[in-house]
$ cat query08.txt   # compact mmCIF, C-alpha atoms (C1' of nucleotides)
# COMPACT_ATOMS: atom_id res chain seq x y z
CA MET A 1 -6.99 -9.38 -11.12
CA LYS A 2 -9.26 -6.45 -11.88
CA GLU A 3 -10.24 -6.09 -15.50
CA THR A 4 -11.55 -2.54 -15.47
CA ILE A 5 -10.20 0.70 -14.11
CA THR A 6 -11.91 4.04 -13.66
CA SER A 7 -10.32 7.34 -14.58
CA ASP A 8 -9.97 8.20 -10.89
CA GLU A 9 -8.24 4.91 -10.16
CA LEU A 10 -5.90 5.41 -13.07
CA LEU A 11 -4.96 8.84 -11.79
CA THR A 12 -4.39 7.51 -8.29
CA VAL A 13 -2.04 4.84 -9.61
CA LEU A 14 -0.13 7.30 -11.78
CA GLU A 15 0.25 9.70 -8.87
CA ALA A 16 1.51 6.86 -6.71
CA LEU A 17 4.13 5.98 -9.31
CA SER A 18 5.34 9.53 -9.90
CA ASN A 19 8.10 9.51 -7.30
CA PRO A 20 11.58 7.94 -7.38
CA TYR A 21 11.41 6.49 -3.86
CA ARG A 22 8.12 4.80 -4.60
CA LEU A 23 9.51 3.24 -7.76
CA LYS A 24 12.50 2.07 -5.73
CA ILE A 25 10.18 0.55 -3.14
CA ILE A 26 8.52 -1.46 -5.88
CA ALA A 27 11.91 -2.63 -7.10
CA ILE A 28 12.89 -3.75 -3.61
CA LEU A 29 9.60 -5.49 -2.88
CA TYR A 30 9.59 -7.31 -6.20
CA GLY A 31 9.80 -10.99 -5.34
CA LYS A 32 10.34 -10.60 -1.61
CA LYS A 33 8.49 -8.99 1.25
CA GLN A 34 10.28 -6.65 3.63
CA TYR A 35 9.55 -4.99 6.95
CA VAL A 36 9.40 -1.25 7.43
CA SER A 37 12.56 -0.51 9.41
CA GLU A 38 14.77 -2.59 7.15
CA LEU A 39 13.15 -1.06 4.08
CA ALA A 40 13.90 2.41 5.43
CA ARG A 41 17.55 1.45 5.89
CA GLU A 42 17.82 0.07 2.37
CA LEU A 43 16.37 3.28 0.95
CA GLY A 44 18.35 5.55 3.24
CA ILE A 45 15.31 7.47 4.44
CA SER A 46 13.50 7.94 7.74
CA ARG A 47 10.60 5.75 8.78
CA PRO A 48 8.05 8.59 8.86
CA LEU A 49 8.92 9.47 5.29
CA LEU A 50 8.75 5.84 4.26
CA TYR A 51 5.32 5.49 5.87
CA MET A 52 4.10 8.41 3.78
CA HIS A 53 5.29 6.77 0.60
CA LEU A 54 3.91 3.37 1.59
CA ARG A 55 0.51 4.88 2.28
CA LYS A 56 0.33 6.28 -1.23
CA LEU A 57 1.34 3.00 -2.77
CA GLU A 58 -1.12 1.10 -0.58
CA GLY A 59 -3.87 3.61 -1.35
CA ALA A 60 -3.38 2.88 -5.03
CA GLY A 61 -3.53 -0.85 -4.35
CA LEU A 62 0.05 -1.47 -5.47
CA VAL A 63 1.38 -2.83 -2.18
CA GLN A 64 -0.11 -4.11 1.04
CA GLY A 65 1.14 -4.45 4.56
CA HIS A 66 0.45 -6.82 7.43
CA LEU A 67 1.77 -7.45 10.89
CA GLU A 68 3.80 -10.55 11.61
CA LEU A 69 5.26 -11.86 14.83
CA SER A 70 8.95 -12.61 14.53
CA GLU A 71 10.41 -15.75 16.10
CA SER A 72 11.54 -13.74 19.06
CA GLY A 73 8.03 -12.39 19.53
CA LYS A 74 8.40 -8.91 18.14
CA ALA A 75 5.75 -7.29 15.96
CA MET A 76 7.06 -6.63 12.47
CA LYS A 77 5.17 -4.87 9.74
CA TYR A 78 5.85 -6.49 6.41
CA TYR A 79 4.95 -5.02 3.04
CA GLU A 80 4.60 -6.98 -0.16
CA LEU A 81 4.07 -6.05 -3.77
CA ASN A 82 0.76 -6.71 -5.48
CA SER A 83 0.82 -7.70 -9.11
CA PHE A 84 -0.78 -5.21 -11.48
CA SER A 85 -0.83 -4.44 -15.17
CA ILE A 86 -2.04 -1.32 -16.92
CA PRO A 87 -1.52 -0.69 -20.64
CA LEU A 88 0.03 2.77 -20.59
CA ASN A 89 -0.54 3.91 -24.15
CA ASP A 90 -2.11 6.93 -25.80
CA GLN A 91 -5.35 5.22 -26.76
CA PHE A 92 -6.00 3.67 -23.36
CA ILE A 93 -5.32 6.91 -21.50
CA ALA A 94 -7.43 8.90 -23.93
CA GLN A 95 -10.39 6.55 -23.58
CA THR A 96 -10.09 6.28 -19.81
CA ALA A 97 -9.59 10.00 -19.21
CA ILE A 98 -12.74 11.00 -21.03
CA ASN A 99 -14.78 10.43 -17.88
CA LEU A 100 -12.33 12.27 -15.67
CA MET A 101 -13.80 14.77 -13.26
CA ILE A 102 -11.38 17.49 -12.29
CA LYS A 103 -11.97 18.54 -8.72
CA ARG A 104 -11.09 21.81 -7.13
CA ARG A 105 -7.96 21.82 -5.06
CA LYS A 106 -9.27 22.96 -1.68
CA GLU A 107 -12.70 23.73 -0.23
CA MET B 1 8.95 3.87 -31.80
CA LYS B 2 11.56 3.59 -29.05
CA GLU B 3 12.11 0.11 -27.74
CA THR B 4 13.96 0.90 -24.54
CA ILE B 5 13.33 3.32 -21.72
CA THR B 6 15.61 4.39 -18.90
CA SER B 7 14.49 4.70 -15.30
CA ASP B 8 14.73 8.49 -15.55
CA GLU B 9 12.58 8.56 -18.67
CA LEU B 10 10.02 6.31 -17.03
CA LEU B 11 9.82 8.62 -14.05
CA THR B 12 9.46 11.67 -16.28
CA VAL B 13 6.56 10.06 -18.13
CA LEU B 14 4.84 8.99 -14.93
CA GLU B 15 5.20 12.47 -13.48
CA ALA B 16 3.77 13.94 -16.67
CA LEU B 17 0.75 11.66 -16.41
CA SER B 18 0.06 12.29 -12.73
CA ASN B 19 -2.32 15.20 -13.21
CA PRO B 20 -5.99 15.27 -14.28
CA TYR B 21 -5.62 18.17 -16.72
CA ARG B 22 -2.77 16.46 -18.48
CA LEU B 23 -4.78 13.26 -18.85
CA LYS B 24 -7.63 15.36 -20.22
CA ILE B 25 -5.28 16.99 -22.70
CA ILE B 26 -4.32 13.56 -23.98
CA ALA B 27 -7.98 12.65 -24.32
CA ILE B 28 -8.69 15.81 -26.32
CA LEU B 29 -5.64 15.46 -28.55
CA TYR B 30 -6.35 11.82 -29.29
CA GLY B 31 -7.01 11.65 -33.03
CA LYS B 32 -7.01 15.37 -33.71
CA LYS B 33 -4.57 18.22 -33.26
CA GLN B 34 -5.66 21.41 -31.54
CA TYR B 35 -4.25 24.90 -31.04
CA VAL B 36 -3.46 26.37 -27.66
CA SER B 37 -6.20 28.98 -27.20
CA GLU B 38 -8.96 26.62 -28.23
CA LEU B 39 -7.53 23.88 -26.05
CA ALA B 40 -7.55 26.24 -23.08
CA ARG B 41 -11.20 27.02 -23.71
CA GLU B 42 -12.13 23.35 -23.94
CA LEU B 43 -10.38 22.66 -20.64
CA GLY B 44 -11.68 25.77 -18.94
CA ILE B 45 -8.23 26.93 -17.84
CA SER B 46 -5.99 29.90 -18.60
CA ARG B 47 -3.36 29.79 -21.31
CA PRO B 48 -0.41 30.24 -18.94
CA LEU B 49 -1.57 27.25 -16.93
CA LEU B 50 -2.11 25.24 -20.07
CA TYR B 51 1.40 26.09 -21.27
CA MET B 52 2.79 24.74 -18.04
CA HIS B 53 0.96 21.46 -18.49
CA LEU B 54 1.89 21.21 -22.16
CA ARG B 55 5.56 21.72 -21.35
CA LYS B 56 5.50 18.77 -18.97
CA LEU B 57 3.81 16.56 -21.53
CA GLU B 58 6.20 17.69 -24.25
CA GLY B 59 9.19 17.22 -21.96
CA ALA B 60 8.14 13.61 -21.51
CA GLY B 61 7.77 13.19 -25.26
CA LEU B 62 4.03 12.54 -25.10
CA VAL B 63 2.92 15.50 -27.22
CA GLN B 64 4.58 17.94 -29.56
CA GLY B 65 3.76 21.39 -30.79
CA HIS B 66 4.44 23.30 -33.96
CA LEU B 67 3.49 26.64 -35.45
CA GLU B 68 1.12 26.80 -38.38
CA LEU B 69 -0.08 29.75 -40.40
CA SER B 70 -3.85 29.87 -40.61
CA GLU B 71 -5.60 30.71 -43.88
CA SER B 72 -5.99 34.27 -42.72
CA GLY B 73 -2.28 34.48 -42.00
CA LYS B 74 -2.26 34.19 -38.23
CA ALA B 75 0.31 32.13 -36.36
CA MET B 76 -1.35 29.24 -34.55
CA LYS B 77 0.43 26.82 -32.25
CA TYR B 78 -0.93 23.35 -32.72
CA TYR B 79 -0.26 20.43 -30.44
CA GLU B 80 -0.63 16.81 -31.38
CA LEU B 81 -0.43 13.56 -29.48
CA ASN B 82 2.49 11.20 -29.98
CA SER B 83 1.81 7.50 -29.82
CA PHE B 84 3.49 5.69 -26.96
CA SER B 85 3.19 2.41 -25.14
CA ILE B 86 4.67 1.42 -21.80
CA PRO B 87 3.82 -1.83 -20.02
CA LEU B 88 2.90 -0.57 -16.58
CA ASN B 89 3.20 -3.71 -14.51
CA ASP B 90 5.03 -4.69 -11.34
CA GLN B 91 7.81 -6.59 -13.08
CA PHE B 92 8.59 -3.90 -15.63
CA ILE B 93 8.69 -1.14 -13.05
CA ALA B 94 10.79 -3.22 -10.69
CA GLN B 95 13.35 -4.03 -13.39
CA THR B 96 13.46 -0.50 -14.72
CA ALA B 97 13.64 1.21 -11.34
CA ILE B 98 16.68 -0.77 -10.22
CA ASN B 99 18.95 1.73 -11.96
CA LEU B 100 17.12 4.71 -10.57
CA MET B 101 19.26 7.42 -9.10
CA ILE B 102 17.47 9.50 -6.52
CA LYS B 103 18.68 13.03 -6.66
CA ARG B 104 18.62 15.51 -3.86
CA ARG B 105 15.87 18.06 -4.05
CA LYS B 106 17.93 21.24 -4.05
CA GLU B 107 21.64 22.04 -4.15
C1' DT C 1 17.83 -1.92 34.49
C1' DT C 2 19.82 -0.58 30.28
C1' DC C 3 20.49 -1.13 25.37
C1' DA C 4 19.13 -2.14 20.76
C1' DT C 5 15.49 -3.03 18.10
C1' DA C 6 10.74 -2.60 16.44
C1' DT C 7 5.90 0.11 15.33
C1' DG C 8 3.38 4.35 15.00
C1' DT C 9 2.17 9.33 14.80
C1' DA C 10 2.02 14.51 15.66
C1' DA C 11 3.92 18.80 14.55
C1' DT C 12 6.45 21.41 11.65
C1' DA C 13 9.66 22.90 7.92
C1' DA C 14 11.21 22.93 3.22
C1' DT C 15 10.45 22.34 -1.53
C1' DT C 16 7.56 21.70 -5.67
C1' DA C 17 3.59 21.96 -8.19
C1' DT C 18 -0.28 24.38 -9.49
C1' DA C 19 -2.74 28.53 -10.64
C1' DT C 20 -3.70 33.54 -11.43
C1' DT C 21 -2.85 38.19 -12.99
C1' DA C 22 -0.81 41.33 -15.80
C1' DC C 23 1.79 42.28 -19.31
C1' DA C 24 3.86 42.75 -24.52
C1' DC C 25 3.21 42.03 -29.26
C1' DA C 26 1.09 40.56 -33.79
C1' DT C 27 -2.74 39.87 -37.29
C1' DG C 28 -7.24 40.48 -39.72
C1' DA C 29 -11.65 42.61 -39.92
C1' DA C 30 -15.02 46.28 -39.09
C1' DT D 1 -8.27 53.27 -35.24
C1' DT D 2 -10.54 49.97 -32.51
C1' DC D 3 -11.94 45.29 -31.55
C1' DA D 4 -11.41 40.40 -31.36
C1' DT D 5 -8.35 37.01 -31.90
C1' DG D 6 -3.87 34.68 -31.55
C1' DT D 7 1.21 33.63 -29.19
C1' DG D 8 4.30 34.05 -25.34
C1' DT D 9 6.19 35.07 -20.67
C1' DA D 10 7.27 37.34 -16.05
C1' DA D 11 5.89 37.89 -11.49
C1' DT D 12 3.41 36.32 -7.88
C1' DA D 13 0.13 33.73 -4.90
C1' DT D 14 -1.75 29.42 -3.33
C1' DA D 15 -1.82 24.62 -2.36
C1' DA D 16 0.14 20.13 -2.23
C1' DT D 17 3.97 17.19 -1.68
C1' DT D 18 7.98 15.84 0.46
C1' DA D 19 10.96 15.63 4.43
C1' DT D 20 12.60 16.18 9.27
C1' DT D 21 12.37 16.16 14.25
C1' DA D 22 10.59 14.67 18.31
C1' DC D 23 7.88 11.98 20.64
C1' DA D 24 5.38 7.51 22.87
C1' DT D 25 5.19 2.61 23.36
C1' DA D 26 6.64 -2.32 23.17
C1' DT D 27 9.87 -6.47 23.07
C1' DG D 28 14.06 -9.38 23.82
C1' DA D 29 18.72 -9.74 25.30
C1' DA D 30 22.78 -8.52 28.06

$ encode --input "query08.txt" --output "structure tokens"
Amino acid sequence: MKETITSDELLTVLEALSNPYRLKIIAILYGKKQYVSELARELGISRPLLYMHLRKLEGAGLVQGHLELSESGKAMKYYELNSFSIPLNDQFIAQTAINLMIKRRKE
Amino acid sequence: MKETITSDELLTVLEALSNPYRLKIIAILYGKKQYVSELARELGISRPLLYMHLRKLEGAGLVQGHLELSESGKAMKYYELNSFSIPLNDQFIAQTAINLMIKRRKE
DNA sequence: TTCATATGTAATAATTATATTACACATGAA
DNA sequence: TTCATGTGTAATATAATTATTACATATGAA
């Protein structure tokens, strides 16, 4: 629903999307929510690794998670896909990246 | 000018765009070509590092380089920006990433 | 109680990505 | 010849990302 995007936000989104597992996660979550353990099984990866990927996607605002209580009373963490739309073309990137501050990697 | 894009190509483009210097390069090359040494000066980075970034952009098809002879007869390598347009939204990524093969990192 | 399932994280290892330094070689101009 | 400029890469160091292992804790069902 946001209309504007800063250069930093653009970079964060692009970094979040630059991994095959994270693209797969988006494909799986498209249209239906899923909980973490089942998602890990569908991807064939461990839960700690999945958490790392989900954090990057959530940090970029592309997905979001919430706890739900199952019928049997167990806590389940479900993730769902947020809708987003960024025009990835040369002009848009050029205009957005003008204000990009490049920070040092480390302290 | 391409109308279709495979999941592998999408990932390659997203990886190419997931770095601040490479976004900056696109901003600089937008509308005007530039040669490598001058580009390195504008970015404030070394030529070897710039070559590395340019190779990723060129590998994704976002820029292309060619040699030119300057008036004085020196070989200059110019890079220019290709036009491209990818609809970066949840539905497009989900549909494209379905056919994504995740390869092992190593042999 | 024991088993199968779930969430959540800390510590560490393995692999890539990023960045620097030091070269070689070529041209034109002073 | 020497200096300033250009292209191009090999070797290496540094930092970030990705991935694994090992935990702790909780619930429901058999």

$ closest_atom_pairs --input "query08.txt" --of "chain B" --to "chain C" --cutoff "9 Å" --atoms "only C-alpha atoms (C1' of nucleotides)" --output "tab-separated table"
residue	atom	partner	partner_atom	distance
B:Ser46	CA	C:DT20	C1'	8.4
B:Pro48	CA	C:DA19	C1'	8.8
B:Leu49	CA	C:DA19	C1'	6.5
B:Ser72	CA	C:DG28	C1'	7.0
B:Gly73	CA	C:DT27	C1'	7.2
B:Lys74	CA	C:DT27	C1'	5.8
B:Ala75	CA	C:DT27	C1'	8.4
B:Arg105	CA	C:DT15	C1'	7.4
B:Lys106	CA	C:DT15	C1'	8.0

$ residues_around --input "query08.txt" --residues "Asn99 in chain B" --least-positions-apart "3" --cutoff "10 Å" --atoms "only C-alpha atoms (C1' of nucleotides)" --output "list of chain:residue names"
A:Lys24, A:Ala27, B:Thr6, B:Ser7, B:Asp8, B:Ala94, B:Gln95, B:Thr96, B:Ile102

$ atom_distance --input "query08.txt" --atom1 "CA of Pro87 in chain A" --atom2 "CA of Val13 in chain B"
13.7 Å

$ closest_residue --input "query08.txt" --among "B:Gln64, B:Gln91, B:Gln34, B:Ser85" --to "chain A" --atoms "all atoms listed in the file"
B:Ser85

$ residues_around --input "query08.txt" --residues "range 60-63 of chain A" --least-positions-apart "6" --cutoff "9 Å" --atoms "only C-alpha atoms (C1' of nucleotides)" --output "number ranges by chain"
A: 9-10, 12-16, 26, 29, 54, 79-84; B: 90

$ atom_distance --input "query08.txt" --atom1 "CA of Ser37 in chain A" --atom2 "C1' of DA29 in chain D"
19.4 Å

$ interface_residues --input "query08.txt" --of "chain D" --to "chain A" --cutoff "7 Å" --atoms "all atoms listed in the file" --output "list of chain:residue names"
D:DA19, D:DT27, D:DG28

$ atom_distance --input "query08.txt" --atom1 "CA of Thr4 in chain B" --atom2 "CA of Ala97 in chain A"
25.8 Å

$ axis_aligned_box --input "query08.txt" --around "range 29-42 of chain A" --padding-each-side "8 Å" --output "JSON"
{"center_x": 13.2, "center_y": -4.3, "center_z": 1.6, "size_x": 25.3, "size_y": 29.4, "size_z": 31.6}

$ residues_around --input "query08.txt" --residues "Arg47 in chain B" --least-positions-apart "5" --cutoff "10 Å" --atoms "all atoms listed in the file" --output "ChimeraX atom specification"
/B:36-41,52-53 /D:7-8

$ closest_residue --input "query08.txt" --among "B:Phe92, B:Glu71, B:Ile86, B:Gly59" --to "chain A" --atoms "all atoms listed in the file"
B:Ile86

$ closest_residue --input "query08.txt" --among "B:Leu43, B:Leu50, B:Tyr35, B:Leu69" --to "chain A" --atoms "all atoms listed in the file"
B:Leu43

$ residues_around --input "query08.txt" --residues "Glu68 in chain B" --least-positions-apart "6" --cutoff "7 Å" --atoms "all atoms listed in the file" --output "PyMOL selection string"
chain B and resi 75-78

$ write_last_selection --input "query08.txt" --atoms "C-alpha atoms" --output "JSON list (two decimals), in the coordinates of the input"
[["chain", "number", "residue", "atom", "x", "y", "z"],
["B", 75, "ALA", "CA", 0.31, 32.13, -36.36],
["B", 76, "MET", "CA", -1.35, 29.24, -34.55],
["B", 77, "LYS", "CA", 0.43, 26.82, -32.25],
["B", 78, "TYR", "CA", -0.93, 23.35, -32.72]]

$ build_atoms --input "query08.txt" --residues "range 39-65 of chain A" --atoms "N, CA, C and O atoms" --output "PDB file, in the coordinates of the input"
ATOM      1  N   LEU A  39      13.398  -1.745   5.342  1.00  0.00           N
ATOM      2  CA  LEU A  39      13.150  -1.060   4.080  1.00  0.00           C
ATOM      3  C   LEU A  39      13.654   0.383   4.126  1.00  0.00           C
ATOM      4  O   LEU A  39      14.257   0.886   3.172  1.00  0.00           O
ATOM      5  N   ALA A  40      13.433   1.030   5.261  1.00  0.00           N
ATOM      6  CA  ALA A  40      13.900   2.410   5.430  1.00  0.00           C
ATOM      7  C   ALA A  40      15.421   2.473   5.352  1.00  0.00           C
ATOM      8  O   ALA A  40      15.986   3.394   4.746  1.00  0.00           O
ATOM      9  N   ARG A  41      16.085   1.486   5.950  1.00  0.00           N
ATOM     10  CA  ARG A  41      17.550   1.450   5.890  1.00  0.00           C
ATOM     11  C   ARG A  41      18.040   1.238   4.470  1.00  0.00           C
ATOM     12  O   ARG A  41      18.981   1.896   4.014  1.00  0.00           O
ATOM     13  N   GLU A  42      17.386   0.339   3.751  1.00  0.00           N
ATOM     14  CA  GLU A  42      17.820   0.070   2.370  1.00  0.00           C
ATOM     15  C   GLU A  42      17.649   1.303   1.487  1.00  0.00           C
ATOM     16  O   GLU A  42      18.425   1.519   0.555  1.00  0.00           O
ATOM     17  N   LEU A  43      16.615   2.093   1.764  1.00  0.00           N
ATOM     18  CA  LEU A  43      16.370   3.280   0.950  1.00  0.00           C
ATOM     19  C   LEU A  43      17.182   4.484   1.430  1.00  0.00           C
ATOM     20  O   LEU A  43      17.350   5.462   0.703  1.00  0.00           O
ATOM     21  N   GLY A  44      17.623   4.415   2.682  1.00  0.00           N
ATOM     22  CA  GLY A  44      18.350   5.550   3.240  1.00  0.00           C
ATOM     23  C   GLY A  44      17.450   6.707   3.611  1.00  0.00           C
ATOM     24  O   GLY A  44      17.852   7.871   3.536  1.00  0.00           O
ATOM     25  N   ILE A  45      16.223   6.410   4.011  1.00  0.00           N
ATOM     26  CA  ILE A  45      15.310   7.470   4.440  1.00  0.00           C
ATOM     27  C   ILE A  45      14.717   7.130   5.798  1.00  0.00           C
ATOM     28  O   ILE A  45      14.838   6.007   6.289  1.00  0.00           O
ATOM     29  N   SER A  46      14.077   8.126   6.409  1.00  0.00           N
ATOM     30  CA  SER A  46      13.500   7.940   7.740  1.00  0.00           C
ATOM     31  C   SER A  46      12.206   7.132   7.652  1.00  0.00           C
ATOM     32  O   SER A  46      11.567   7.083   6.604  1.00  0.00           O
ATOM     33  N   ARG A  47      11.839   6.523   8.764  1.00  0.00           N
ATOM     34  CA  ARG A  47      10.600   5.750   8.780  1.00  0.00           C
ATOM     35  C   ARG A  47       9.360   6.606   8.543  1.00  0.00           C
ATOM     36  O   ARG A  47       8.499   6.210   7.751  1.00  0.00           O
ATOM     37  N   PRO A  48       9.242   7.781   9.149  1.00  0.00           N
ATOM     38  CA  PRO A  48       8.050   8.590   8.860  1.00  0.00           C
ATOM     39  C   PRO A  48       7.893   8.893   7.366  1.00  0.00           C
ATOM     40  O   PRO A  48       6.784   8.831   6.836  1.00  0.00           O
ATOM     41  N   LEU A  49       8.998   9.198   6.723  1.00  0.00           N
ATOM     42  CA  LEU A  49       8.920   9.470   5.290  1.00  0.00           C
ATOM     43  C   LEU A  49       8.523   8.210   4.517  1.00  0.00           C
ATOM     44  O   LEU A  49       7.687   8.249   3.605  1.00  0.00           O
ATOM     45  N   LEU A  50       9.096   7.094   4.927  1.00  0.00           N
ATOM     46  CA  LEU A  50       8.750   5.840   4.260  1.00  0.00           C
ATOM     47  C   LEU A  50       7.264   5.515   4.433  1.00  0.00           C
ATOM     48  O   LEU A  50       6.602   5.079   3.490  1.00  0.00           O
ATOM     49  N   TYR A  51       6.747   5.743   5.625  1.00  0.00           N
ATOM     50  CA  TYR A  51       5.320   5.490   5.870  1.00  0.00           C
ATOM     51  C   TYR A  51       4.465   6.309   4.904  1.00  0.00           C
ATOM     52  O   TYR A  51       3.467   5.833   4.381  1.00  0.00           O
ATOM     53  N   MET A  52       4.866   7.559   4.701  1.00  0.00           N
ATOM     54  CA  MET A  52       4.100   8.410   3.780  1.00  0.00           C
ATOM     55  C   MET A  52       4.078   7.806   2.385  1.00  0.00           C
ATOM     56  O   MET A  52       3.030   7.724   1.745  1.00  0.00           O
ATOM     57  N   HIS A  53       5.230   7.348   1.944  1.00  0.00           N
ATOM     58  CA  HIS A  53       5.290   6.770   0.600  1.00  0.00           C
ATOM     59  C   HIS A  53       4.507   5.450   0.531  1.00  0.00           C
ATOM     60  O   HIS A  53       3.806   5.187  -0.449  1.00  0.00           O
ATOM     61  N   LEU A  54       4.629   4.653   1.583  1.00  0.00           N
ATOM     62  CA  LEU A  54       3.910   3.370   1.590  1.00  0.00           C
ATOM     63  C   LEU A  54       2.396   3.573   1.582  1.00  0.00           C
ATOM     64  O   LEU A  54       1.657   2.816   0.958  1.00  0.00           O
ATOM     65  N   ARG A  55       1.950   4.612   2.279  1.00  0.00           N
ATOM     66  CA  ARG A  55       0.510   4.880   2.280  1.00  0.00           C
ATOM     67  C   ARG A  55      -0.007   5.205   0.882  1.00  0.00           C
ATOM     68  O   ARG A  55      -1.098   4.779   0.507  1.00  0.00           O
ATOM     69  N   LYS A  56       0.774   5.945   0.128  1.00  0.00           N
ATOM     70  CA  LYS A  56       0.330   6.280  -1.230  1.00  0.00           C
ATOM     71  C   LYS A  56       0.308   5.043  -2.116  1.00  0.00           C
ATOM     72  O   LYS A  56      -0.618   4.863  -2.915  1.00  0.00           O
ATOM     73  N   LEU A  57       1.313   4.218  -1.970  1.00  0.00           N
ATOM     74  CA  LEU A  57       1.340   3.000  -2.770  1.00  0.00           C
ATOM     75  C   LEU A  57       0.201   2.068  -2.372  1.00  0.00           C
ATOM     76  O   LEU A  57      -0.445   1.446  -3.219  1.00  0.00           O
ATOM     77  N   GLU A  58      -0.047   1.981  -1.063  1.00  0.00           N
ATOM     78  CA  GLU A  58      -1.120   1.100  -0.580  1.00  0.00           C
ATOM     79  C   GLU A  58      -2.485   1.657  -0.985  1.00  0.00           C
ATOM     80  O   GLU A  58      -3.385   0.907  -1.359  1.00  0.00           O
ATOM     81  N   GLY A  59      -2.622   2.982  -0.948  1.00  0.00           N
ATOM     82  CA  GLY A  59      -3.870   3.610  -1.350  1.00  0.00           C
ATOM     83  C   GLY A  59      -4.203   3.359  -2.813  1.00  0.00           C
ATOM     84  O   GLY A  59      -5.373   3.343  -3.208  1.00  0.00           O
ATOM     85  N   ALA A  60      -3.178   3.167  -3.610  1.00  0.00           N
ATOM     86  CA  ALA A  60      -3.380   2.880  -5.030  1.00  0.00           C
ATOM     87  C   ALA A  60      -3.509   1.384  -5.291  1.00  0.00           C
ATOM     88  O   ALA A  60      -3.696   0.956  -6.420  1.00  0.00           O
ATOM     89  N   GLY A  61      -3.369   0.591  -4.219  1.00  0.00           N
ATOM     90  CA  GLY A  61      -3.530  -0.850  -4.350  1.00  0.00           C
ATOM     91  C   GLY A  61      -2.291  -1.560  -4.886  1.00  0.00           C
ATOM     92  O   GLY A  61      -2.378  -2.727  -5.278  1.00  0.00           O
ATOM     93  N   LEU A  62      -1.150  -0.876  -4.877  1.00  0.00           N
ATOM     94  CA  LEU A  62       0.050  -1.470  -5.470  1.00  0.00           C
ATOM     95  C   LEU A  62       0.841  -2.324  -4.491  1.00  0.00           C
ATOM     96  O   LEU A  62       1.545  -3.241  -4.898  1.00  0.00           O
ATOM     97  N   VAL A  63       0.737  -2.007  -3.213  1.00  0.00           N
ATOM     98  CA  VAL A  63       1.380  -2.830  -2.180  1.00  0.00           C
ATOM     99  C   VAL A  63       0.387  -3.028  -1.040  1.00  0.00           C
ATOM    100  O   VAL A  63      -0.641  -2.344  -0.970  1.00  0.00           O
ATOM    101  N   GLN A  64       0.720  -3.960  -0.160  1.00  0.00           N
ATOM    102  CA  GLN A  64      -0.110  -4.110   1.040  1.00  0.00           C
ATOM    103  C   GLN A  64       0.747  -4.579   2.191  1.00  0.00           C
ATOM    104  O   GLN A  64       1.732  -5.281   2.010  1.00  0.00           O
ATOM    105  N   GLY A  65       0.360  -4.134   3.373  1.00  0.00           N
ATOM    106  CA  GLY A  65       1.140  -4.450   4.560  1.00  0.00           C
ATOM    107  C   GLY A  65       0.357  -5.293   5.547  1.00  0.00           C
ATOM    108  O   GLY A  65      -0.870  -5.284   5.543  1.00  0.00           O
TER     109      GLY A  65
END
